[in-house]
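What follows is the content of model.cif, which has mmCIF, C-alpha atoms and all ligand atoms:
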data_coords
#
loop_
_atom_site.label_atom_id
_atom_site.label_comp_id
_atom_site.auth_asym_id
_atom_site.auth_seq_id
_atom_site.Cartn_x
_atom_site.Cartn_y
_atom_site.Cartn_z
CA MET A 154 0.00 0.00 0.00
CA LEU A 155 1.25 3.48 -0.87
CA SER A 156 2.29 5.29 2.29
CA LEU A 157 2.17 8.78 0.78
CA ASP A 158 -0.42 11.46 1.42
CA LEU A 159 -1.27 12.38 -2.18
CA LEU A 160 -2.70 15.71 -0.97
CA LYS A 161 0.72 16.74 0.42
CA ILE A 162 2.98 16.03 -2.53
CA PRO A 163 5.69 18.69 -2.98
CA ASN A 164 5.06 20.91 -5.98
CA HIS A 165 8.78 21.19 -6.75
CA ILE A 166 11.48 18.63 -5.93
CA ALA A 167 15.16 19.33 -6.61
CA VAL A 168 17.80 16.59 -6.70
CA ILE A 169 21.58 16.61 -6.34
CA MET A 170 22.40 13.38 -8.18
CA ASP A 171 25.64 12.35 -6.49
CA GLY A 172 27.77 9.21 -6.32
CA ASN A 173 27.94 8.01 -9.92
CA GLY A 174 31.74 7.78 -9.79
CA ARG A 175 31.85 5.96 -6.45
CA TRP A 176 29.14 3.54 -7.54
CA ALA A 177 31.09 2.75 -10.74
CA LYS A 178 34.24 2.19 -8.69
CA SER A 179 32.36 -0.19 -6.40
CA GLN A 180 31.46 -2.18 -9.53
CA GLY A 181 35.05 -2.15 -10.80
CA LYS A 182 34.05 0.06 -13.75
CA ASP A 183 35.09 3.50 -14.97
CA ARG A 184 33.28 6.69 -13.99
CA LEU A 185 31.39 7.05 -17.26
CA PHE A 186 29.76 3.69 -16.64
CA GLY A 187 28.37 5.25 -13.46
CA HIS A 188 27.03 8.30 -15.29
CA ALA A 189 25.39 6.06 -17.91
CA ALA A 190 23.74 4.04 -15.13
CA GLY A 191 22.60 7.35 -13.64
CA VAL A 192 20.41 7.98 -16.68
CA GLU A 193 18.23 5.00 -15.65
CA ALA A 194 17.74 6.60 -12.23
CA VAL A 195 16.75 9.85 -13.95
CA ARG A 196 14.14 8.00 -16.00
CA ASP A 197 12.71 6.21 -12.96
CA THR A 198 12.61 9.41 -10.88
CA LEU A 199 10.93 11.45 -13.61
CA LYS A 200 8.32 8.73 -14.11
CA ALA A 201 7.55 8.54 -10.38
CA ALA A 202 7.48 12.35 -10.03
CA LYS A 203 4.97 12.62 -12.85
CA GLU A 204 2.85 9.80 -11.43
CA PHE A 205 2.59 11.49 -8.01
CA GLY A 206 1.71 14.87 -9.49
CA VAL A 207 4.98 16.71 -8.80
CA LYS A 208 4.89 19.77 -11.05
CA TYR A 209 8.61 20.65 -11.19
CA LEU A 210 11.60 18.31 -10.97
CA THR A 211 15.04 19.97 -11.01
CA LEU A 212 18.13 17.80 -11.50
CA TYR A 213 21.69 19.01 -10.89
CA ALA A 214 23.37 17.47 -13.94
CA PHE A 215 26.55 19.57 -14.39
CA SER A 216 28.01 22.29 -12.16
CA THR A 217 30.43 25.03 -13.19
CA GLU A 218 32.92 23.27 -10.87
CA ASN A 219 32.60 20.05 -12.92
CA TRP A 220 34.68 21.65 -15.72
CA SER A 221 37.75 20.87 -13.63
CA ARG A 222 37.23 17.11 -14.06
CA PRO A 223 39.38 15.12 -16.54
CA GLN A 224 38.50 16.14 -20.12
CA ALA A 225 37.50 12.58 -21.08
CA GLU A 226 34.89 12.51 -18.31
CA ILE A 227 33.53 15.94 -19.31
CA ASP A 228 33.29 14.87 -22.98
CA GLY A 229 31.61 11.61 -21.99
CA LEU A 230 29.10 13.41 -19.77
CA MET A 231 28.22 15.91 -22.52
CA ASP A 232 27.73 13.05 -25.02
CA LEU A 233 25.56 11.24 -22.52
CA LEU A 234 23.40 14.31 -21.91
CA ILE A 235 22.86 14.97 -25.59
CA ASP A 236 22.20 11.27 -26.32
CA ALA A 237 19.72 11.02 -23.44
CA ILE A 238 17.82 14.14 -24.48
CA THR A 239 17.77 13.16 -28.17
CA SER A 240 16.70 9.58 -27.60
CA GLU A 241 14.11 10.52 -24.94
CA LEU A 242 12.62 13.46 -26.83
CA ASP A 243 9.64 11.50 -28.21
CA SER A 244 8.97 10.06 -24.80
CA LEU A 245 9.15 13.53 -23.19
CA GLU A 246 6.69 14.83 -25.77
CA ASN A 247 4.29 11.88 -25.40
CA ASN A 248 4.31 12.11 -21.62
CA GLY A 249 3.62 15.84 -21.37
CA VAL A 250 7.08 16.71 -20.03
CA ARG A 251 8.25 20.29 -20.57
CA LEU A 252 12.03 20.68 -20.52
CA LEU A 253 13.80 23.75 -19.16
CA THR A 254 17.41 24.42 -18.17
CA ILE A 255 19.00 26.63 -15.54
CA GLY A 256 22.65 27.66 -15.69
CA ASP A 257 24.68 29.16 -18.49
CA ILE A 258 23.97 26.85 -21.42
CA ASN A 259 25.98 29.12 -23.73
CA GLY A 260 29.04 27.66 -22.03
CA LEU A 261 28.17 24.10 -23.15
CA PRO A 262 29.58 22.48 -26.31
CA GLU A 263 27.56 23.66 -29.31
CA ASN A 264 25.87 20.32 -30.09
CA CYS A 265 24.78 20.00 -26.47
CA ARG A 266 23.42 23.56 -26.33
CA LYS A 267 21.58 23.13 -29.63
CA GLY A 268 20.13 19.76 -28.55
CA MET A 269 18.84 21.33 -25.34
CA GLU A 270 17.37 24.34 -27.16
CA ASN A 271 15.65 22.05 -29.64
CA ALA A 272 14.13 19.90 -26.87
CA ILE A 273 13.04 23.03 -24.95
CA GLU A 274 11.32 24.39 -28.06
CA LYS A 275 9.63 21.06 -28.92
CA THR A 276 8.28 20.51 -25.40
CA LYS A 277 7.34 24.09 -24.52
CA GLU A 278 3.55 23.56 -24.68
CA ASN A 279 3.59 20.43 -22.47
CA LYS A 280 1.66 20.76 -19.23
CA GLY A 281 2.28 17.49 -17.32
CA ILE A 282 5.53 18.13 -15.44
CA THR A 283 8.45 20.54 -15.94
CA LEU A 284 11.86 18.86 -15.94
CA ILE A 285 14.57 21.43 -15.21
CA LEU A 286 18.16 20.43 -15.88
CA ALA A 287 20.81 22.46 -14.07
CA LEU A 288 23.67 22.59 -16.59
CA ASN A 289 26.85 24.61 -16.19
CA TYR A 290 25.12 25.84 -13.03
CA SER A 291 26.47 27.65 -9.96
CA ALA A 292 24.17 29.29 -7.43
CA ARG A 293 26.69 32.02 -6.60
CA ILE A 294 27.06 32.88 -10.28
CA GLU A 295 23.26 32.83 -10.63
CA ILE A 296 22.90 35.38 -7.81
CA THR A 297 25.80 37.48 -9.16
CA LYS A 298 24.21 37.53 -12.62
CA ALA A 299 20.86 38.51 -11.08
CA VAL A 300 22.46 41.58 -9.46
CA GLN A 301 24.14 42.47 -12.77
CA SER A 302 20.85 42.01 -14.62
CA ILE A 303 19.05 44.33 -12.18
CA LEU A 304 21.60 47.10 -12.77
CA LEU A 305 21.44 46.56 -16.52
CA ASN A 306 17.70 46.14 -17.07
CA GLU A 307 15.71 47.79 -14.29
CA LYS A 308 14.88 51.45 -14.89
CA ASN A 309 15.23 54.04 -12.09
CA ILE A 310 16.72 51.60 -9.63
CA SER A 311 16.84 52.87 -6.02
CA ILE A 312 18.12 51.19 -2.86
CA GLU A 313 14.54 50.62 -1.63
CA SER A 314 13.49 48.98 -4.89
CA ILE A 315 16.00 46.14 -4.40
CA THR A 316 13.87 43.49 -2.68
CA PRO A 317 13.98 39.68 -2.44
CA GLU A 318 11.10 39.57 -4.96
CA LEU A 319 13.08 41.69 -7.45
CA ILE A 320 16.17 39.49 -7.05
CA SER A 321 14.02 36.35 -7.57
CA LYS A 322 12.74 37.85 -10.83
CA HIS A 323 16.30 38.03 -12.19
CA LEU A 324 17.39 34.50 -11.28
CA PHE A 325 17.51 31.61 -13.79
CA THR A 326 14.45 30.28 -11.92
CA LYS A 327 12.19 33.28 -12.51
CA ASN A 328 8.60 31.97 -12.86
CA ILE A 329 9.55 28.68 -11.16
CA PRO A 330 8.37 28.24 -7.54
CA ASP A 331 10.99 27.39 -4.90
CA PRO A 332 11.44 23.66 -4.18
CA GLU A 333 9.75 22.29 -1.06
CA LEU A 334 12.11 19.30 -1.01
CA LEU A 335 15.78 18.84 -1.94
CA ILE A 336 17.15 15.31 -2.19
CA ARG A 337 20.88 14.53 -2.27
CA THR A 338 22.16 11.02 -2.81
CA SER A 339 25.51 9.39 -1.92
CA GLY A 340 25.58 10.23 1.78
CA GLU A 341 27.22 13.66 1.45
CA ASN A 342 25.43 16.21 3.66
CA ARG A 343 25.99 19.47 1.78
CA VAL A 344 24.31 21.61 -0.85
CA SER A 345 27.36 22.27 -3.06
CA ASN A 346 26.45 25.64 -4.57
CA PHE A 347 23.01 24.43 -5.70
CA MET A 348 19.94 26.73 -5.68
CA LEU A 349 21.22 28.61 -2.62
CA TRP A 350 18.62 31.38 -2.92
CA GLN A 351 15.70 29.07 -3.68
CA ILE A 352 16.26 26.54 -0.86
CA ALA A 353 15.92 29.06 1.99
CA TYR A 354 12.92 27.11 3.42
CA THR A 355 13.36 23.80 1.60
CA GLU A 356 13.33 20.49 3.50
CA LEU A 357 16.55 18.53 2.92
CA HIS A 358 16.63 14.75 2.51
CA PHE A 359 19.95 12.91 2.33
CA ALA A 360 19.64 9.42 0.83
CA ARG A 361 22.51 7.11 1.78
CA ILE A 362 22.77 5.40 -1.60
CA TYR A 363 24.59 6.30 -4.81
CA TRP A 364 22.58 7.96 -7.58
CA PRO A 365 22.61 4.96 -10.00
CA GLU A 366 20.84 2.93 -7.28
CA PHE A 367 18.12 5.54 -6.72
CA ARG A 368 14.68 4.19 -7.65
CA ARG A 369 10.98 4.83 -7.15
CA GLU A 370 11.01 3.41 -3.59
CA HIS A 371 13.78 5.83 -2.56
CA PHE A 372 11.84 8.70 -4.11
CA ILE A 373 8.76 7.67 -2.14
CA ALA A 374 10.86 7.43 1.05
CA ALA A 375 12.14 10.99 0.48
CA ILE A 376 8.60 12.36 0.04
CA GLU A 377 7.48 10.40 3.10
CA ASP A 378 10.31 11.97 5.11
CA TYR A 379 9.19 15.40 3.82
CA GLN A 380 5.58 14.71 4.79
CA ASN A 381 6.64 13.91 8.35
CA ARG A 382 8.38 17.26 8.79
CA GLU A 383 6.67 20.28 10.31
CA ARG A 384 7.30 23.30 8.10
CA ARG A 385 7.11 26.33 10.38
CA PHE A 386 8.62 29.13 8.23
CA GLY A 387 9.89 30.87 11.39
CA LYS A 388 6.64 30.48 13.36
CA ILE A 389 6.12 28.28 16.41
CA SER A 390 4.38 24.92 16.31
CA GLU A 391 1.19 26.17 18.03
CA GLN A 392 0.73 28.81 15.34
CA ILE A 393 0.79 26.14 12.66
CA HIS A 394 -1.53 23.76 14.57
CA PRO A 395 -3.68 25.98 16.83
CA ILE A 396 -5.54 24.18 19.63
CA ILE A 397 -9.12 25.37 19.25
C1 LIG B 401 27.52 13.13 -9.73
O1 LIG B 401 28.25 11.96 -9.47
C2 LIG B 401 26.88 13.13 -11.03
C3 LIG B 401 27.11 14.01 -12.05
C4 LIG B 401 28.10 15.09 -11.94
C5 LIG B 401 26.43 13.92 -13.34
C6 LIG B 401 24.98 13.50 -13.36
C7 LIG B 401 24.63 13.05 -14.70
C8 LIG B 401 23.82 12.01 -15.00
C9 LIG B 401 23.09 11.20 -14.03
C10 LIG B 401 23.69 11.64 -16.44
C11 LIG B 401 22.62 12.19 -17.28
C12 LIG B 401 21.63 13.09 -16.76
C13 LIG B 401 20.47 13.41 -17.41
C14 LIG B 401 19.67 14.51 -16.88
C15 LIG B 401 19.98 12.71 -18.62
P1 LIG B 401 29.82 12.10 -9.27
O2 LIG B 401 30.47 11.94 -10.60
O3 LIG B 401 30.12 13.37 -8.58
O4 LIG B 401 30.12 10.87 -8.36
P2 LIG B 401 31.23 10.78 -7.19
O5 LIG B 401 30.89 11.84 -6.19
O6 LIG B 401 31.03 9.41 -6.65
O7 LIG B 401 32.56 10.96 -7.83
#
Can you dump the structure from the file as C-alpha cells?
Ligand code: FPP
Amino acid sequence: MLSLDLLKIPNHIAVIMDGNGRWAKSQGKDRLFGHAAGVEAVRDTLKAAKEFGVKYLTLYAFSTENWSRPQAEIDGLMDLLIDAITSELDSLENNGVRLLTIGDINGLPENCRKGMENAIEKTKENKGITLILALNYSARIEITKAVQSILLNEKNISIESITPELISKHLFTKNIPDPELLIRTSGENRVSNFMLWQIAYTELHFARIYWPEFRREHFIAAIEDYQNRERRFGKISEQIHPII
C-alpha cells in the first residue's frame, strides 16, 4: 500500500544526483559507466514524479565546478546528456514533459546547447511536469548575474526597490516556484552551490545510496520523510496547529 499522502505532494522537488563515480568504482568500472547508469535513475525518478503529481523536478546534472574534471569525463558526460535528451525526446513529448534548463547553457559544447534548445522548443507547450536540468550551473554565479541584470535592465533603480522579490525575478528560476524538497544522494550532507537562494525554506533529505541505485522506492521514502516534517517558516508549532 502506498504510504504517501497524495494531498501533500511537494510541488517542486530538486535533486543533487551524487555518487555516480563511487558507484562505478564499487562495480570495478570507470566513472562514465556510473554516469550512464545514472540515466536510468533519472528516467525512474521522472516517471515517479509525474505519477505522483509533482509539477517541477530539477536535476543538478553539471556544475560550473565540474569543468575541472578530466577532459575525457567531461566529454563523456556531454555526449551522454545529448544522447539522453535526443533519444528521450519522443517520450518527453508523449508524456507531457516540458524541458527547461537553468545555468549558463551558452558555455556548453555547441551540439549540447543546440540539442537542449531544440528539446526546450519542442516541449514548450507540455503541461504534465516541468523537468529542469541544471547545466553549467552555480548558485553564486546565478545570484551574481541577477544583481548584474538588475543594474542593466531595471529602470530608475533605487536602494529601496532592491527586494527579495526583485532578485528572484532576475534569477535563472524566474517563474519557477521554490522547491519544497531537496534530495541529495551518496551520503554527502551538503548543498554544493546548488539553488542557494531558492532553498531558503526547503526540506533537505539525504539518501545514503549512490545515484545509479536511486529508484521509485527511494523517491517515495524521500517524500514520506518530507511529509513527516513540520514546516514552520519561522513560526512556532502552536501557530501552525492551533488548539481550538
Ligand atoms: C555526480 O556523481 C553526477 C554528475 C556530476 C552527473 C549526473 C549526470 C547524469 C546522471 C547523467 C545524465 C543526466 C540526465 C539529466 C539525462 P559524481 O560523478 O560526482 O560521483 P562521485 O561523487 O562518486 O565521484
Excluding Arg343 of chain A and its own-chain neighbours fewer than 2 positions away, which residues fall within 12 Å of it when counting all atoms listed in the file? Please give them as a tab-separated table (two decimals) with C-alpha atoms, in the frame of the given file.
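Result file follows (result.tsv):
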chain	number	residue	atom	x	y	z
A	169	ILE	CA	21.58	16.61	-6.34
A	171	ASP	CA	25.64	12.35	-6.49
A	335	LEU	CA	15.78	18.84	-1.94
A	336	ILE	CA	17.15	15.31	-2.19
A	337	ARG	CA	20.88	14.53	-2.27
A	338	THR	CA	22.16	11.02	-2.81
A	339	SER	CA	25.51	9.39	-1.92
A	340	GLY	CA	25.58	10.23	1.78
A	341	GLU	CA	27.22	13.66	1.45
A	345	SER	CA	27.36	22.27	-3.06
A	346	ASN	CA	26.45	25.64	-4.57
A	347	PHE	CA	23.01	24.43	-5.70
A	349	LEU	CA	21.22	28.61	-2.62
A	357	LEU	CA	16.55	18.53	2.92
A	358	HIS	CA	16.63	14.75	2.51
A	359	PHE	CA	19.95	12.91	2.33
A	360	ALA	CA	19.64	9.42	0.83
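Minimum atom-to-atom distances from A:Leu253, A:Ile258, A:Ala272, A:Ile389 to Lys327 of chain A were compared using all atoms listed in the file, and the lowest value belongs to A:Leu253.
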### Query
Between A:Leu212, A:Val300, A:Ala201, A:Leu160, which has the minimum distance to ligand LIG 401 (chain B) (counting only C-alpha atoms and all ligand atoms)?
A:Leu212
4 Å per side around segment 205-219 of chain A: axis-aligned box centre and edge lengths, as lines of an AutoDock Vina configuration file:
center_x = 17.3
center_y = 18.3
center_z = -11.2
size_x = 39.2
size_y = 21.5
size_z = 14.4
### Message
Calculated over all atoms listed in the file, which of the candidates A:Gly268, A:Gly281, A:Pro262, A:Pro223 has the smallest distance to Leu199 of chain A?
### Response
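Ranking A:Gly268, A:Gly281, A:Pro262, A:Pro223 by distance to Leu199 of chain A, first place goes to A:Gly281.
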### Query
For ligand LIG 401 (chain B), which residue out of A:His165, A:Arg196, A:His394, A:Lys277 is the nearest one, using all atoms listed in the file?
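Among the listed residues, the smallest separation from ligand LIG 401 (chain B) belongs to A:Arg196.
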### Task
Go ahead and find all residues with at least one atom no further than 12 Å from (25.7, 30.0, -8.1) in the file's coordinates, using all atoms listed in the file; report them as an MDAnalysis selection string.
chainID A and resid 216:218 255:257 287:299 324:326 344:351
### Task
May I ask you to write as a ChimeraX atom specification all residues lying at most 7 Å from ligand LIG 401 (chain B), with only C-alpha atoms and all ligand atoms counted?
/A:170-176,184,188-189,191-192,195,212-215,219,230,233-234,237-238,286
### Task
For Tyr354 of chain A, list every protein, DNA or RNA residue within 10 Å, evaluated using all atoms listed in the file, and leave out those in the same chain fewer than 5 positions away; present the list as a list in words.
Asp331, Pro332, Glu333, Leu334, Arg384, Arg385, Phe386 and Gly387 of chain A
### Shortest interatomic distance to Gln224 of chain A - which of A:Pro330, A:Glu278, A:Leu185, A:Ser311, counting only C-alpha atoms
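Residue with the minimum atom-to-atom distance to Gln224 of chain A: A:Leu185.
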#### Entry: Two-atom distance - atom CA of Asp378 of chain A, atom CA of Ile396 of chain A (Å)
24.7 Å
### Task
Please provide the set of residues having any atom within 9 Å of Phe372 of chain A, restricted to all atoms listed in the file, with same-chain residues fewer than 3 positions apart removed, written as a ChimeraX atom specification.
/A:198,201-202,336,367-369,375-377
Keeping only C-alpha atoms, write the selected residues to a file as a PDB file, in the coordinates of the input.
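Once everything was written out, this is out.pdb:
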ATOM      1  CA  THR A 198      12.610   9.410 -10.880  1.00  0.00           C
ATOM      2  CA  ALA A 201       7.550   8.540 -10.380  1.00  0.00           C
ATOM      3  CA  ALA A 202       7.480  12.350 -10.030  1.00  0.00           C
ATOM      4  CA  ILE A 336      17.150  15.310  -2.190  1.00  0.00           C
ATOM      5  CA  PHE A 367      18.120   5.540  -6.720  1.00  0.00           C
ATOM      6  CA  ARG A 368      14.680   4.190  -7.650  1.00  0.00           C
ATOM      7  CA  ARG A 369      10.980   4.830  -7.150  1.00  0.00           C
ATOM      8  CA  ALA A 375      12.140  10.990   0.480  1.00  0.00           C
ATOM      9  CA  ILE A 376       8.600  12.360   0.040  1.00  0.00           C
ATOM     10  CA  GLU A 377       7.480  10.400   3.100  1.00  0.00           C
TER      11      GLU A 377
END
### Query
At what distance in Å, to one decimal, does atom CA of Arg382 of chain A lie from atom CA of Asn164 of chain A?
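Going from atom CA of Asn164 of chain A over to atom CA of Arg382 of chain A, I get 15.6 Å.
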### Counting only C-alpha atoms, the option among A:Glu307, A:Asp158, A:Glu391, A:Asp243 closest to Thr276 of chain A
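For Thr276 of chain A, the nearest of the candidates is A:Asp243.
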### Task
Enumerate, as a ChimeraX atom specification, the protein, DNA and RNA residues whose atoms approach (3.5, 14.0, -23.8) to within 10 Å, taking into account all atoms listed in the file and the coordinate frame of the file.
/A:242-251,276,278-282
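Separating atom CA of His323 of chain A from atom CA of Thr211 of chain A is a distance of 18.1 Å.
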